[in-house]
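Trainee: Coordinates in input-v4.pdb, PDB, C-alpha atoms, are listed below.
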```
MODEL        1
ATOM      1  CA  MET A   1      43.167 -21.157 -13.153
ATOM      2  CA  LYS A   2      39.492 -21.134 -12.361
ATOM      3  CA  ILE A   3      37.461 -19.470 -15.072
ATOM      4  CA  ASP A   4      34.357 -17.630 -14.030
ATOM      5  CA  PRO A   5      31.693 -19.265 -16.187
ATOM      6  CA  ARG A   6      30.151 -15.868 -16.874
ATOM      7  CA  SER A   7      33.380 -14.487 -18.351
ATOM      8  CA  SER A   8      33.850 -14.227 -22.098
ATOM      9  CA  ALA A   9      36.768 -16.673 -21.741
ATOM     10  CA  ALA A  10      34.331 -19.354 -20.604
ATOM     11  CA  ASN A  11      31.715 -18.389 -23.189
ATOM     12  CA  ASN A  12      34.275 -18.775 -25.952
ATOM     13  CA  ALA A  13      36.018 -21.884 -24.611
ATOM     14  CA  PRO A  14      35.807 -24.681 -27.170
ATOM     15  CA  MET A  15      33.259 -27.370 -26.391
ATOM     16  CA  PHE A  16      33.221 -30.945 -27.682
ATOM     17  CA  THR A  17      33.150 -31.763 -31.394
ATOM     18  CA  PRO A  18      29.875 -33.538 -32.184
ATOM     19  CA  ARG A  19      30.012 -36.718 -34.242
ATOM     20  CA  PRO A  20      27.175 -38.920 -35.480
ATOM     21  CA  ILE A  21      26.772 -42.270 -33.722
ATOM     22  CA  GLY A  22      24.305 -43.306 -36.414
ATOM     23  CA  PHE A  23      21.465 -42.139 -38.635
ATOM     24  CA  VAL A  24      17.676 -42.222 -38.542
ATOM     25  CA  ARG A  25      15.725 -44.210 -41.132
ATOM     26  CA  SER A  26      12.357 -42.521 -41.287
ATOM     27  CA  PRO A  27       9.369 -42.460 -43.650
ATOM     28  CA  TYR A  28       9.739 -38.653 -43.813
ATOM     29  CA  LYS A  29      11.805 -37.408 -46.752
ATOM     30  CA  GLU A  30      10.664 -33.776 -46.536
ATOM     31  CA  THR A  31      10.023 -31.514 -43.550
ATOM     32  CA  ARG A  32       6.456 -30.840 -44.673
ATOM     33  CA  GLU A  33       5.586 -34.535 -44.335
ATOM     34  CA  ILE A  34       6.205 -34.527 -40.579
ATOM     35  CA  PRO A  35       3.010 -34.075 -38.529
ATOM     36  CA  LYS A  36       3.321 -30.805 -36.629
ATOM     37  CA  GLY A  37       1.222 -28.611 -34.468
ATOM     38  CA  LEU A  38      -1.434 -29.240 -31.878
ATOM     39  CA  GLY A  39      -2.396 -32.802 -31.325
ATOM     40  CA  ALA A  40       0.169 -34.110 -33.801
ATOM     41  CA  LYS A  41       0.623 -37.807 -33.200
ATOM     42  CA  HIS A  42       4.030 -39.279 -33.726
ATOM     43  CA  GLU A  43       3.247 -42.908 -34.377
ATOM     44  CA  ALA A  44       5.566 -43.332 -37.350
ATOM     45  CA  GLU A  45       7.904 -46.274 -37.197
ATOM     46  CA  GLY A  46      11.529 -45.973 -38.172
ATOM     47  CA  THR A  47      14.967 -47.315 -37.455
ATOM     48  CA  LEU A  48      17.924 -45.929 -35.560
ATOM     49  CA  GLU A  49      20.905 -47.293 -37.469
ATOM     50  CA  ILE A  50      23.893 -47.190 -35.166
ATOM     51  CA  LEU A  51      27.339 -47.223 -36.780
ATOM     52  CA  PRO A  52      29.225 -50.511 -36.318
ATOM     53  CA  GLU A  53      31.938 -48.929 -34.159
ATOM     54  CA  PHE A  54      29.338 -47.793 -31.611
ATOM     55  CA  GLU A  55      27.179 -50.947 -31.626
ATOM     56  CA  PRO A  56      28.735 -52.392 -28.419
ATOM     57  CA  GLY A  57      27.305 -49.341 -26.619
ATOM     58  CA  LEU A  58      23.801 -50.731 -27.225
ATOM     59  CA  ALA A  59      24.324 -53.686 -24.850
ATOM     60  CA  ASP A  60      21.218 -54.218 -22.678
ATOM     61  CA  ILE A  61      19.262 -51.424 -24.333
ATOM     62  CA  GLU A  62      16.537 -53.873 -25.355
ATOM     63  CA  GLY A  63      15.255 -53.967 -21.764
ATOM     64  CA  PHE A  64      14.005 -50.390 -21.982
ATOM     65  CA  SER A  65      10.598 -49.623 -23.466
ATOM     66  CA  HIS A  66      11.349 -45.972 -24.260
ATOM     67  CA  LEU A  67      14.465 -44.063 -25.251
ATOM     68  CA  PHE A  68      15.550 -40.461 -25.520
ATOM     69  CA  VAL A  69      17.118 -39.783 -28.904
ATOM     70  CA  LEU A  70      19.287 -36.682 -29.311
ATOM     71  CA  TRP A  71      19.869 -35.715 -32.923
ATOM     72  CA  GLU A  72      21.018 -32.885 -35.127
ATOM     73  CA  PHE A  73      18.643 -30.553 -36.992
ATOM     74  CA  ASP A  74      21.039 -30.884 -39.912
ATOM     75  CA  HIS A  75      18.800 -29.004 -42.350
ATOM     76  CA  SER A  76      18.603 -25.957 -40.077
ATOM     77  CA  GLN A  77      20.839 -22.921 -40.566
ATOM     78  CA  GLY A  78      21.048 -20.193 -37.931
ATOM     79  CA  PHE A  79      18.569 -19.502 -35.158
ATOM     80  CA  ASP A  80      15.761 -17.162 -34.115
ATOM     81  CA  LEU A  81      15.280 -16.233 -30.473
ATOM     82  CA  LEU A  82      11.577 -15.601 -31.113
ATOM     83  CA  GLY A  83       9.363 -17.518 -33.484
ATOM     84  CA  THR A  84       5.754 -18.486 -34.130
ATOM     85  CA  PRO A  85       5.336 -22.256 -33.868
ATOM     86  CA  PRO A  86       2.844 -24.228 -35.979
ATOM     87  CA  SER A  87       0.682 -24.790 -32.908
ATOM     88  CA  ASP A  88       0.020 -21.108 -32.186
ATOM     89  CA  ASP A  89      -0.459 -17.770 -33.932
ATOM     90  CA  ARG A  90       1.708 -15.891 -31.427
ATOM     91  CA  PRO A  91       5.509 -15.763 -31.120
ATOM     92  CA  HIS A  92       7.324 -17.478 -28.253
ATOM     93  CA  GLY A  93      10.932 -17.718 -27.138
ATOM     94  CA  VAL A  94      12.894 -20.472 -28.853
ATOM     95  CA  PHE A  95      13.570 -22.221 -25.519
ATOM     96  CA  ALA A  96       9.797 -22.435 -24.927
ATOM     97  CA  THR A  97       9.310 -24.197 -28.285
ATOM     98  CA  ARG A  98      10.639 -27.128 -30.284
ATOM     99  CA  SER A  99      11.750 -24.929 -33.191
ATOM    100  CA  PRO A 100      14.626 -26.344 -35.276
ATOM    101  CA  ARG A 101      16.205 -22.866 -35.453
ATOM    102  CA  ARG A 102      18.025 -23.068 -32.097
ATOM    103  CA  PRO A 103      21.454 -21.772 -30.984
ATOM    104  CA  ASN A 104      22.540 -25.422 -30.754
ATOM    105  CA  PRO A 105      20.509 -27.327 -33.372
ATOM    106  CA  ILE A 106      19.850 -30.384 -31.226
ATOM    107  CA  GLY A 107      16.537 -32.228 -31.394
ATOM    108  CA  LEU A 108      15.120 -34.490 -28.686
ATOM    109  CA  THR A 109      12.571 -37.222 -29.339
ATOM    110  CA  VAL A 110      11.149 -39.893 -27.041
ATOM    111  CA  VAL A 111      10.635 -43.112 -28.977
ATOM    112  CA  GLU A 112       9.266 -46.517 -28.069
ATOM    113  CA  LEU A 113      11.749 -49.311 -28.675
ATOM    114  CA  LEU A 114      10.007 -52.107 -30.569
ATOM    115  CA  ARG A 115      12.968 -54.425 -31.110
ATOM    116  CA  ARG A 116      16.686 -54.501 -31.635
ATOM    117  CA  ASP A 117      18.345 -56.161 -34.579
ATOM    118  CA  GLY A 118      22.109 -55.829 -34.047
ATOM    119  CA  GLY A 119      22.937 -52.172 -34.618
ATOM    120  CA  ARG A 120      19.387 -51.376 -35.728
ATOM    121  CA  LEU A 121      16.811 -50.184 -33.241
ATOM    122  CA  HIS A 122      13.277 -50.429 -34.596
ATOM    123  CA  VAL A 123      11.278 -47.692 -32.911
ATOM    124  CA  ARG A 124       7.878 -46.004 -32.929
ATOM    125  CA  GLY A 125       7.442 -42.275 -32.668
ATOM    126  CA  VAL A 126      10.018 -40.851 -35.057
ATOM    127  CA  ASP A 127       9.556 -37.219 -36.042
ATOM    128  CA  MET A 128      12.924 -36.803 -37.741
ATOM    129  CA  LEU A 129      13.734 -36.692 -41.421
ATOM    130  CA  ASP A 130      15.261 -39.714 -43.095
ATOM    131  CA  GLY A 131      19.051 -39.535 -42.785
ATOM    132  CA  THR A 132      19.063 -37.395 -39.622
ATOM    133  CA  PRO A 133      22.365 -37.754 -37.716
ATOM    134  CA  ILE A 134      21.975 -39.224 -34.212
ATOM    135  CA  LEU A 135      24.072 -37.736 -31.394
ATOM    136  CA  ASP A 136      23.081 -39.851 -28.422
ATOM    137  CA  ILE A 137      20.611 -42.375 -27.045
ATOM    138  CA  LYS A 138      19.672 -42.550 -23.367
ATOM    139  CA  PRO A 139      17.232 -44.721 -21.455
ATOM    140  CA  TYR A 140      13.945 -43.081 -20.448
ATOM    141  CA  LEU A 141      13.716 -43.924 -16.758
ATOM    142  CA  SER A 142      10.806 -42.026 -15.255
ATOM    143  CA  SER A 143       8.024 -39.610 -16.102
ATOM    144  CA  VAL A 144       6.755 -36.438 -14.513
ATOM    145  CA  PRO A 145       3.273 -37.274 -13.169
ATOM    146  CA  PRO A 146       0.690 -35.743 -15.539
ATOM    147  CA  GLU A 147      -1.049 -33.916 -12.703
ATOM    148  CA  GLN A 148       2.185 -32.003 -12.020
ATOM    149  CA  LEU A 149       2.692 -30.844 -15.604
ATOM    150  CA  ARG A 150       1.910 -27.313 -16.778
ATOM    151  CA  ARG A 151       2.185 -26.791 -20.517
ATOM    152  CA  GLY A 152       2.320 -22.981 -20.749
ATOM    153  CA  TRP A 153       1.434 -21.276 -24.017
ATOM    154  CA  LEU A 154       0.639 -24.634 -25.596
ATOM    155  CA  ALA A 155      -2.238 -25.261 -23.198
ATOM    156  CA  GLU A 156      -3.441 -21.691 -23.777
ATOM    157  CA  ALA A 157      -3.241 -22.119 -27.542
ATOM    158  CA  GLU A 158      -5.163 -25.385 -27.291
ATOM    159  CA  SER A 159      -7.786 -23.666 -25.190
ATOM    160  CA  ARG A 160      -8.137 -20.754 -27.637
ATOM    161  CA  ARG A 161      -8.245 -23.197 -30.509
ATOM    162  CA  GLY A 162     -10.945 -25.210 -28.786
ATOM    163  CA  LYS A 163     -13.035 -22.059 -28.722
ATOM    164  CA  ALA A 164     -12.116 -20.567 -32.087
ATOM    165  CA  GLY A 165     -10.878 -23.557 -34.030
ATOM    166  CA  SER A 166      -9.011 -21.197 -36.296
ATOM    167  CA  LEU A 167      -5.302 -21.618 -35.631
ATOM    168  CA  ARG A 168      -3.238 -22.863 -38.480
ATOM    169  CA  GLU A 169      -1.745 -26.253 -38.054
ATOM    170  CA  ASP A 170       1.067 -26.755 -40.498
TER     171      ASP A 170
ATOM    172  CA  MET B 171      24.786 -34.583 -54.478
ATOM    173  CA  LYS B 172      22.909 -36.859 -52.195
ATOM    174  CA  ILE B 173      25.170 -38.449 -49.626
ATOM    175  CA  ASP B 174      24.270 -41.886 -48.401
ATOM    176  CA  PRO B 175      24.106 -41.403 -44.634
ATOM    177  CA  ARG B 176      25.908 -44.697 -44.119
ATOM    178  CA  SER B 177      28.899 -43.603 -46.187
ATOM    179  CA  SER B 178      32.095 -42.457 -44.533
ATOM    180  CA  ALA B 179      31.558 -39.069 -46.217
ATOM    181  CA  ALA B 180      28.413 -38.584 -44.134
ATOM    182  CA  ASN B 181      30.014 -39.966 -40.984
ATOM    183  CA  ASN B 182      32.839 -37.466 -41.301
ATOM    184  CA  ALA B 183      30.767 -34.494 -42.439
ATOM    185  CA  PRO B 184      31.180 -31.612 -40.000
ATOM    186  CA  MET B 185      28.270 -31.096 -37.644
ATOM    187  CA  PHE B 186      27.345 -27.896 -35.795
ATOM    188  CA  THR B 187      29.749 -26.161 -33.440
ATOM    189  CA  PRO B 188      28.291 -26.264 -29.926
ATOM    190  CA  ARG B 189      28.254 -23.062 -27.919
ATOM    191  CA  PRO B 190      27.040 -22.446 -24.362
ATOM    192  CA  ILE B 191      23.765 -20.544 -24.014
ATOM    193  CA  GLY B 192      24.448 -20.203 -20.284
ATOM    194  CA  PHE B 193      25.799 -21.968 -17.215
ATOM    195  CA  VAL B 194      24.355 -23.959 -14.309
ATOM    196  CA  ARG B 195      24.631 -22.632 -10.767
ATOM    197  CA  SER B 196      24.491 -25.719  -8.581
ATOM    198  CA  PRO B 197      25.314 -26.641  -4.979
ATOM    199  CA  TYR B 198      27.595 -29.400  -6.331
ATOM    200  CA  LYS B 199      31.243 -28.380  -6.681
ATOM    201  CA  GLU B 200      32.626 -31.928  -7.031
ATOM    202  CA  THR B 201      31.299 -34.974  -8.860
ATOM    203  CA  ARG B 202      31.293 -37.071  -5.679
ATOM    204  CA  GLU B 203      28.754 -34.704  -4.072
ATOM    205  CA  ILE B 204      26.075 -35.530  -6.659
ATOM    206  CA  PRO B 205      23.619 -38.201  -5.480
ATOM    207  CA  LYS B 206      23.983 -41.224  -7.758
ATOM    208  CA  GLY B 207      22.760 -44.728  -8.018
ATOM    209  CA  LEU B 208      19.511 -46.421  -7.225
ATOM    210  CA  GLY B 209      16.831 -44.286  -5.709
ATOM    211  CA  ALA B 210      18.952 -41.143  -5.910
ATOM    212  CA  LYS B 211      16.658 -38.166  -5.476
ATOM    213  CA  HIS B 212      17.481 -35.014  -7.362
ATOM    214  CA  GLU B 213      15.780 -32.376  -5.278
ATOM    215  CA  ALA B 214      18.665 -29.894  -5.276
ATOM    216  CA  GLU B 215      17.781 -26.370  -6.282
ATOM    217  CA  GLY B 216      19.954 -24.378  -8.618
ATOM    218  CA  THR B 217      19.877 -21.708 -11.271
ATOM    219  CA  LEU B 218      20.170 -21.812 -15.035
ATOM    220  CA  GLU B 219      21.956 -18.564 -15.844
ATOM    221  CA  ILE B 220      21.268 -17.762 -19.477
ATOM    222  CA  LEU B 221      23.690 -15.406 -21.237
ATOM    223  CA  PRO B 222      22.236 -11.938 -21.937
ATOM    224  CA  GLU B 223      22.358 -12.386 -25.715
ATOM    225  CA  PHE B 224      20.094 -15.468 -25.478
ATOM    226  CA  GLU B 225      17.667 -14.123 -22.836
ATOM    227  CA  PRO B 226      14.967 -13.134 -25.371
ATOM    228  CA  GLY B 227      14.722 -16.845 -26.206
ATOM    229  CA  LEU B 228      13.225 -17.448 -22.746
ATOM    230  CA  ALA B 229       9.998 -15.559 -23.567
ATOM    231  CA  ASP B 230       6.944 -17.441 -22.201
ATOM    232  CA  ILE B 231       9.036 -20.199 -20.629
ATOM    233  CA  GLU B 232       7.578 -19.406 -17.211
ATOM    234  CA  GLY B 233       4.315 -21.106 -18.181
ATOM    235  CA  PHE B 234       5.944 -24.532 -18.195
ATOM    236  CA  SER B 235       6.325 -26.505 -14.984
ATOM    237  CA  HIS B 236       9.141 -28.730 -16.226
ATOM    238  CA  LEU B 237      11.994 -28.296 -18.673
ATOM    239  CA  PHE B 238      14.508 -30.468 -20.464
ATOM    240  CA  VAL B 239      18.019 -29.132 -19.988
ATOM    241  CA  LEU B 240      20.739 -30.289 -22.387
ATOM    242  CA  TRP B 241      24.240 -29.634 -21.124
ATOM    243  CA  GLU B 242      27.851 -30.580 -21.640
ATOM    244  CA  PHE B 243      29.715 -33.131 -19.499
ATOM    245  CA  ASP B 244      32.625 -30.690 -19.612
ATOM    246  CA  HIS B 245      34.750 -32.638 -17.090
ATOM    247  CA  SER B 246      34.524 -35.826 -19.144
ATOM    248  CA  GLN B 247      37.291 -36.893 -21.538
ATOM    249  CA  GLY B 248      36.788 -39.739 -23.974
ATOM    250  CA  PHE B 249      34.156 -42.452 -23.803
ATOM    251  CA  ASP B 250      33.614 -46.109 -22.939
ATOM    252  CA  LEU B 251      31.140 -48.224 -24.879
ATOM    253  CA  LEU B 252      30.671 -50.495 -21.850
ATOM    254  CA  GLY B 253      30.718 -49.434 -18.231
ATOM    255  CA  THR B 254      29.452 -50.390 -14.790
ATOM    256  CA  PRO B 255      27.109 -47.718 -13.446
ATOM    257  CA  PRO B 256      26.831 -46.859  -9.728
ATOM    258  CA  SER B 257      23.418 -48.522  -9.599
ATOM    259  CA  ASP B 258      24.587 -51.987 -10.636
ATOM    260  CA  ASP B 259      27.530 -54.352 -10.331
ATOM    261  CA  ARG B 260      27.354 -55.434 -13.970
ATOM    262  CA  PRO B 261      28.484 -53.588 -17.100
ATOM    263  CA  HIS B 262      26.001 -52.153 -19.581
ATOM    264  CA  GLY B 263      26.251 -50.366 -22.925
ATOM    265  CA  VAL B 264      26.796 -46.636 -22.642
ATOM    266  CA  PHE B 265      23.516 -45.916 -24.492
ATOM    267  CA  ALA B 266      21.645 -47.932 -21.842
ATOM    268  CA  THR B 267      23.128 -45.779 -19.040
ATOM    269  CA  ARG B 268      23.566 -42.144 -18.076
ATOM    270  CA  SER B 269      27.366 -42.391 -18.004
ATOM    271  CA  PRO B 270      29.230 -39.115 -18.613
ATOM    272  CA  ARG B 271      31.761 -40.952 -20.801
ATOM    273  CA  ARG B 272      29.705 -40.873 -24.014
ATOM    274  CA  PRO B 273      30.713 -40.409 -27.676
ATOM    275  CA  ASN B 274      28.972 -37.016 -27.526
ATOM    276  CA  PRO B 275      29.281 -35.795 -23.915
ATOM    277  CA  ILE B 276      25.759 -34.387 -23.676
ATOM    278  CA  GLY B 277      23.766 -34.628 -20.453
ATOM    279  CA  LEU B 278      19.986 -34.439 -20.177
ATOM    280  CA  THR B 279      18.148 -33.445 -17.020
ATOM    281  CA  VAL B 280      14.462 -32.798 -16.383
ATOM    282  CA  VAL B 281      14.060 -29.929 -13.929
ATOM    283  CA  GLU B 282      11.060 -28.262 -12.329
ATOM    284  CA  LEU B 283      10.915 -24.538 -13.062
ATOM    285  CA  LEU B 284      10.291 -22.685  -9.803
ATOM    286  CA  ARG B 285      10.514 -19.097 -11.089
ATOM    287  CA  ARG B 286      12.167 -16.896 -13.638
ATOM    288  CA  ASP B 287      14.135 -13.802 -12.772
ATOM    289  CA  GLY B 288      15.204 -12.228 -16.099
ATOM    290  CA  GLY B 289      17.863 -14.497 -17.530
ATOM    291  CA  ARG B 290      17.927 -16.683 -14.415
ATOM    292  CA  LEU B 291      15.731 -19.753 -14.155
ATOM    293  CA  HIS B 292      15.427 -21.020 -10.604
ATOM    294  CA  VAL B 293      14.878 -24.763 -10.832
ATOM    295  CA  ARG B 294      14.605 -27.912  -8.720
ATOM    296  CA  GLY B 295      16.256 -31.168  -9.656
ATOM    297  CA  VAL B 296      19.752 -30.181 -10.749
ATOM    298  CA  ASP B 297      22.289 -32.988 -10.962
ATOM    299  CA  MET B 298      24.983 -31.011 -12.746
ATOM    300  CA  LEU B 299      28.182 -29.545 -11.368
ATOM    301  CA  ASP B 300      28.398 -25.836 -10.677
ATOM    302  CA  GLY B 301      29.549 -24.053 -13.833
ATOM    303  CA  THR B 302      28.256 -26.694 -16.260
ATOM    304  CA  PRO B 303      27.734 -25.241 -19.766
ATOM    305  CA  ILE B 304      24.113 -25.355 -20.964
ATOM    306  CA  LEU B 305      23.451 -26.279 -24.602
ATOM    307  CA  ASP B 306      19.686 -26.044 -24.838
ATOM    308  CA  ILE B 307      16.430 -25.786 -22.941
ATOM    309  CA  LYS B 308      13.169 -27.279 -24.207
ATOM    310  CA  PRO B 309       9.676 -27.442 -22.721
ATOM    311  CA  TYR B 310       8.646 -30.806 -21.244
ATOM    312  CA  LEU B 311       5.273 -31.390 -22.880
ATOM    313  CA  SER B 312       4.106 -34.887 -22.039
ATOM    314  CA  SER B 313       5.071 -38.017 -20.154
ATOM    315  CA  VAL B 314       5.093 -41.665 -21.021
ATOM    316  CA  PRO B 315       2.405 -43.279 -18.830
ATOM    317  CA  PRO B 316       4.172 -45.135 -15.992
ATOM    318  CA  GLU B 317       2.344 -48.377 -16.780
ATOM    319  CA  GLN B 318       3.938 -48.367 -20.245
ATOM    320  CA  LEU B 319       7.523 -47.925 -18.993
ATOM    321  CA  ARG B 320      10.025 -50.758 -18.803
ATOM    322  CA  ARG B 321      13.283 -49.914 -17.102
ATOM    323  CA  GLY B 322      15.534 -52.770 -18.227
ATOM    324  CA  TRP B 323      18.659 -53.587 -16.260
ATOM    325  CA  LEU B 324      17.848 -50.882 -13.738
ATOM    326  CA  ALA B 325      14.660 -52.646 -12.649
ATOM    327  CA  GLU B 326      16.576 -55.930 -12.504
ATOM    328  CA  ALA B 327      19.332 -54.360 -10.417
ATOM    329  CA  GLU B 328      16.744 -52.892  -8.062
ATOM    330  CA  SER B 329      15.119 -56.274  -7.750
ATOM    331  CA  ARG B 330      18.434 -58.034  -7.011
ATOM    332  CA  ARG B 331      19.289 -55.305  -4.574
ATOM    333  CA  GLY B 332      15.962 -55.691  -2.833
ATOM    334  CA  LYS B 333      16.854 -59.340  -2.278
ATOM    335  CA  ALA B 334      20.544 -59.009  -1.570
ATOM    336  CA  GLY B 335      20.884 -55.387  -0.504
ATOM    337  CA  SER B 336      24.524 -55.582  -1.391
ATOM    338  CA  LEU B 337      25.060 -53.454  -4.479
ATOM    339  CA  ARG B 338      27.311 -50.524  -4.026
ATOM    340  CA  GLU B 339      25.697 -47.130  -4.433
ATOM    341  CA  ASP B 340      28.336 -44.502  -4.981
TER     342      ASP B 340
ENDMDL
END
```
Is it possible to give me this structure as structure tokens?
Mentor:
Amino acid sequence: MKIDPRSSAANNAPMFTPRPIGFVRSPYKETREIPKGLGAKHEAEGTLEILPEFEPGLADIEGFSHLFVLWEFDHSQGFDLLGTPPSDDRPHGVFATRSPRRPNPIGLTVVELLRRDGGRLHVRGVDMLDGTPILDIKPYLSSVPPEQLRRGWLAEAESRRGKAGSLRED
Amino acid sequence: MKIDPRSSAANNAPMFTPRPIGFVRSPYKETREIPKGLGAKHEAEGTLEILPEFEPGLADIEGFSHLFVLWEFDHSQGFDLLGTPPSDDRPHGVFATRSPRRPNPIGLTVVELLRRDGGRLHVRGVDMLDGTPILDIKPYLSSVPPEQLRRGWLAEAESRRGKAGSLRED
């Protein structure tokens, strides 16, 4: 039977059961320690500790300079469809932000791979809390050319902030 | 009680329960129709149909030129830690490829947002099957400069292919 994806049967069909493939080792023990907001630099180094049973899946990963890391916002409960991010004083839709309070609490971070040590990937650019469960790692293969990028409300907020310099940055 | 993330208690702790926020409308009805392998261009246009209850979460998304789409490989069962991708004739670790057979069957695609029509996002660059469940949408905010990217086995496979021109591309 073909299920129309817009039917409630499809909406309620069970999806996969997420499992951690490993955990992040990060200098951040508390959410408030993580740099947020406009111009936040994510230069922190950390380790992606992959569980021994998944370590064979890392074969040849050391050839890539950058990786996508998918992880769980495991300290987040529930979601808000609208919220005011640290980088603006106006609310935006959750899918136009990086809020942790998402319908599926999945985070996405691009990190630079510094070196691999068995099941440990030493990386730069972590913005996750220490102990964060990792869902997946994928190679970063290509970039959108900067001249083709439009950054929506974030560019507007930066522009307003450049003029007013008064937005909170927490 | 603080759980050591490396303990089996943490590894077996329940994670979130994924739910679809919408479904992809794509020209691809079968996996074999999706361009794969080296130099595959993803220029296909499609629609991200967001469920009515999540539509408010799209507020202000139209200002972004590109989006990350997280979705479920819902036709994939099980996983392989090593596999030979279409773009090479040698096996690589699953986390160094975009294989659908992953421990957590989550796909990641960068699309260009062409226009929004209520809960429908018309996009370019879909590589998902028609009816694919969408897990999350996030704004694409910045790129890794191309001169800083290393593309591991893929660059090597391209190089070998340039010399030999004999790798399969399916």
Trainee: Give me, as number ranges by chain, the residues of chain B touching chain A, with the criterion being at most 7 Å (counting all atoms listed in the file).
Mentor: B: 175, 181, 185, 187-190, 193, 224, 226-231, 233-236, 251-252, 262-268, 274, 301, 305-309, 311, 313-314, 316, 319-323
Trainee: Once chain B is fitted onto chain A over all Cα atoms in order, please give the RMSD.
Mentor: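 The optimal C-alpha superposition leaves an RMSD of 0.0 Å.
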Trainee: By how many Å are atom CA of Pro52 of chain A and atom CA of Trp241 of chain B apart?
Mentor: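 Atom CA of Trp241 of chain B lies at a distance of 26.3 Å from atom CA of Pro52 of chain A.
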Trainee: Distance atom CA of Asp127 of chain A-atom CA of Arg101 of chain A, one decimal place?
Mentor: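 Value for the atom CA of Asp127 of chain A-atom CA of Arg101 of chain A distance: 15.8 Å.
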Trainee: Output the residue selection produced by the PyMOL selection byres ((chain B and resi 212) around 8) on the file above, formatted as a compact mmCIF listing (two decimals) with C-alpha atoms, keeping the file's coordinate frame.
Mentor:
```
# COMPACT_ATOMS: atom_id res chain seq x y z
CA PRO B 205 23.62 -38.20 -5.48
CA ALA B 210 18.95 -41.14 -5.91
CA LYS B 211 16.66 -38.17 -5.48
CA GLU B 213 15.78 -32.38 -5.28
CA ALA B 214 18.66 -29.89 -5.28
CA ARG B 294 14.60 -27.91 -8.72
CA GLY B 295 16.26 -31.17 -9.66
CA VAL B 296 19.75 -30.18 -10.75
CA ASP B 297 22.29 -32.99 -10.96
```
Trainee: Please compute the atom CA of Leu114 of chain A-atom CA of Pro270 of chain B distance, one decimal, in Å.
Mentor: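 Computing the Euclidean distance for atom CA of Leu114 of chain A and atom CA of Pro270 of chain B yields 26.1 Å.
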Trainee: Here is a test: counting only C-alpha atoms, which residue of A:Pro86, A:Phe79, A:Leu113, A:Leu48 is nearest to Lys36 of chain A?
Mentor: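 Of A:Pro86, A:Phe79, A:Leu113, A:Leu48, the one nearest Lys36 of chain A, counting only C-alpha atoms, is A:Pro86.
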Trainee: How big is the axis-aligned box around the listed atoms of segment 276-281 of chain B once 6 Å is added on each side, and where is its centre? Give both in Å to one decimal, as JSON.
Mentor:
```
{"center_x": 19.9, "center_y": -32.3, "center_z": -18.8, "size_x": 23.7, "size_y": 16.7, "size_z": 21.7}
```
